[in-house]
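Peer 1: What follows is the file structure.cif, containing mmCIF, C-alpha atoms:
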```cif
data_upload
#
loop_
_atom_site.label_atom_id
_atom_site.label_comp_id
_atom_site.auth_asym_id
_atom_site.auth_seq_id
_atom_site.Cartn_x
_atom_site.Cartn_y
_atom_site.Cartn_z
CA MET R 1 9.31 22.77 66.46
CA PHE R 2 9.76 20.40 63.50
CA GLY R 3 9.14 22.97 60.79
CA LEU R 4 6.22 20.94 59.43
CA THR R 5 2.54 21.07 60.30
CA ILE R 6 -0.04 18.36 59.69
CA ASP R 7 -1.82 20.58 57.18
CA GLU R 8 1.42 21.20 55.27
CA PHE R 9 2.19 17.49 55.33
CA LYS R 10 -1.23 16.61 53.87
CA GLN R 11 -1.27 19.48 51.38
CA PHE R 12 2.25 19.20 49.97
CA TYR R 13 3.39 15.63 50.55
CA PHE R 14 0.32 13.41 50.28
CA PRO R 15 -0.76 12.52 46.73
CA LYS R 16 -4.09 13.71 45.38
CA TYR R 17 -5.31 10.24 44.54
CA TYR R 18 -8.97 9.46 44.25
CA GLU R 19 -10.22 5.92 44.23
CA ASN R 20 -12.20 6.56 41.06
CA GLY R 21 -11.16 3.30 39.48
CA VAL R 22 -8.46 4.57 37.10
CA ILE R 23 -4.77 5.45 37.35
CA THR R 24 -4.26 8.55 35.22
CA ASP R 25 -1.30 10.58 34.07
CA ASP R 26 -2.34 13.26 36.59
CA VAL R 27 -2.20 10.72 39.44
CA VAL R 28 1.32 9.71 38.42
CA LYS R 29 2.53 13.31 37.97
CA ASN R 30 1.13 14.34 41.34
CA ALA R 31 2.62 11.30 43.10
CA LYS R 32 6.02 12.06 41.53
CA GLN R 33 5.83 15.69 42.62
CA CYS R 34 4.89 14.70 46.18
CA SER R 35 7.64 12.08 46.29
CA ASP R 36 10.32 14.41 44.93
CA THR R 37 9.41 17.37 47.13
CA PHE R 38 9.03 15.27 50.28
CA HIS R 39 12.36 13.56 49.69
CA ASP R 40 14.07 16.93 49.18
CA TYR R 41 12.42 18.29 52.32
CA LEU R 42 13.41 15.25 54.36
CA VAL R 43 17.02 15.26 53.19
CA ASN R 44 17.31 18.90 54.25
CA ASN R 45 15.62 18.49 57.63
CA ARG R 46 18.15 16.94 59.96
CA PHE R 47 15.67 16.21 62.73
CA LEU R 48 12.81 14.68 60.71
CA SER R 49 15.23 12.65 58.60
CA SER R 50 16.30 10.94 61.82
CA VAL R 51 12.71 9.89 62.64
CA SER R 52 11.97 6.44 61.26
CA CYS R 53 8.30 7.02 60.34
CA PHE R 54 9.32 9.81 57.95
CA ARG R 55 12.01 7.70 56.30
CA VAL R 56 9.48 4.90 55.89
CA TYR R 57 6.93 7.32 54.44
CA ASP R 58 9.54 8.60 51.97
CA ASN R 59 10.15 5.05 50.73
CA VAL R 60 6.46 4.09 50.62
CA LEU R 61 5.55 7.30 48.77
CA PHE R 62 8.25 6.59 46.18
CA GLY R 63 6.98 3.01 45.88
CA PHE R 64 3.43 4.22 45.25
CA TYR R 65 4.63 6.63 42.58
CA LYS R 66 6.74 3.99 40.80
CA GLN R 67 3.98 1.35 40.89
CA ALA R 68 1.43 3.83 39.52
CA GLU R 69 3.91 4.83 36.80
CA ARG R 70 4.57 1.18 35.84
CA CYS R 71 0.84 0.44 35.72
CA LEU R 72 0.11 3.48 33.56
CA LYS R 73 2.92 2.60 31.12
CA SER R 74 1.74 -0.99 30.81
CA GLY R 75 -1.92 -0.01 30.38
CA LYS R 76 -2.99 -1.65 33.66
CA THR R 77 -4.78 1.44 34.91
CA ASP R 78 -7.27 -0.17 37.29
CA VAL R 79 -6.68 1.10 40.83
CA SER R 80 -6.57 -2.45 42.14
CA ASN R 81 -3.02 -2.53 40.73
CA VAL R 82 -1.88 0.05 43.31
CA GLU R 83 -4.19 -0.90 46.17
CA PHE R 84 -1.43 -2.40 48.35
CA GLU R 85 0.84 0.60 47.84
CA TRP R 86 -2.02 3.04 48.51
CA ARG R 87 -2.96 1.30 51.76
CA SER R 88 0.68 1.24 52.85
CA LEU R 89 0.97 4.93 52.05
CA CYS R 90 -2.15 5.79 54.07
CA SER R 91 -0.92 3.76 57.03
CA SER R 92 2.53 5.33 56.90
CA SER R 93 0.98 8.79 56.59
CA LEU R 94 -1.01 8.21 59.77
CA GLU R 95 2.18 7.34 61.65
CA CYS R 96 3.77 10.59 60.50
CA ARG R 97 0.72 12.64 61.46
CA ARG R 98 0.65 11.01 64.90
CA PHE R 99 4.27 12.00 65.36
CA LEU R 100 3.54 15.59 64.32
CA THR R 101 0.75 15.86 66.88
CA SER R 102 2.78 14.45 69.73
#
```
Give the structure from the file, written as structure tokens.
Peer 2:
Amino acid sequence: MFGLTIDEFKQFYFPKYYENGVITDDVVKNAKQCSDTFHDYLVNNRFLSSVSCFRVYDNVLFGFYKQAERCLKSGKTDVSNVEFEWRSLCSSSLECRRFLTS
């Protein structure tokens, strides 16, 4: 109905971030890819772009990517520097998945 399954959402639009203690270049690249592709998908999906949880997720995902990028550039690579953004992203992701299952 929406053109997006929960598995697709998790596979393509949720960053592959592991709480291993370090923000790496791979974490930042993956977060950027997820952010860019989700934003493009959302902009081109008239229905989902009208659903607030997906717009919020788009913004939170971009915020996670930018914070991870800033931390990596400044050498502050401890994951505690993105903990707030990561938790917000996980919470927002749950809202989107709930919507997709309803």
Peer 1: Atom CA of R:Asp36 and atom CA of R:Ala68 are how many Å apart?
Peer 2: 14.8 Å
Peer 1: Separation of atom CA of R:Asp25 and atom CA of R:Phe12, in Å?
Peer 2: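 One can read the atom CA of R:Asp25 to atom CA of R:Phe12 distance as 18.4 Å.
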Peer 1: Please indicate the distance in Å from atom CA of R:Tyr17 to atom CA of R:Arg55, rounded to one decimal place.
Peer 2: 21.1 Å
Peer 1: Taking the file as I've supplied it (selection: the PyMOL selection byres ((chain R and resi 24) around 12)), which residues are included? Please answer as a VMD selection string.
Peer 2: chain R and resid 16 to 23 25 to 31 65 68 to 73 75 to 79 82
Peer 1: Given the PyMOL selection byres ((chain R and resi 9) around 10) and the file above, list the residues it selects as a ChimeraX atom specification.
Peer 2: /R:4-8,10-14,34,38,93,96-97,100
Peer 1: From the set R:Asn44, R:Ser35, R:Ser102, R:Gly3, which residue has the shortest atom-to-atom contact distance to R:Val60, counting all atoms listed in the file?
Peer 2: R:Ser35
Peer 1: I'd like the box whose edges run along x, y and z of the file and which contains every listed atom of stretch 22-25 of chain R, padded by 3 Å per side; could you state its centre and edge lengths in Å, one decimal, as JSON?
Peer 2:
```
{"center_x": -4.9, "center_y": 7.6, "center_z": 35.7, "size_x": 13.2, "size_y": 12.0, "size_z": 9.3}
```
Peer 1: Between R:Tyr41, R:Phe47, R:Trp86, R:Phe54, which residue has the minimum interatomic distance to R:Lys66, considering all atoms listed in the file?
Peer 2: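 Using all atoms listed in the file, the shortest distance to R:Lys66 belongs to R:Trp86.
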Peer 1: Selection in question (the file shown): the PyMOL selection byres ((chain R and resi 56) around 12). Which residues does it include, as a list of chain:residue names?
Peer 2: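 The output of the PyMOL selection byres ((chain R and resi 56) around 12) on this file is R:Phe38, R:His39, R:Leu42, R:Leu48, R:Ser49, R:Ser50, R:Val51, R:Ser52, R:Cys53, R:Phe54, R:Arg55, R:Tyr57, R:Asp58, R:Asn59, R:Val60, R:Leu61, R:Phe62, R:Gly63, R:Ser88, R:Leu89, R:Cys90, R:Ser91, R:Ser92, R:Ser93, R:Leu94, R:Glu95, R:Cys96.
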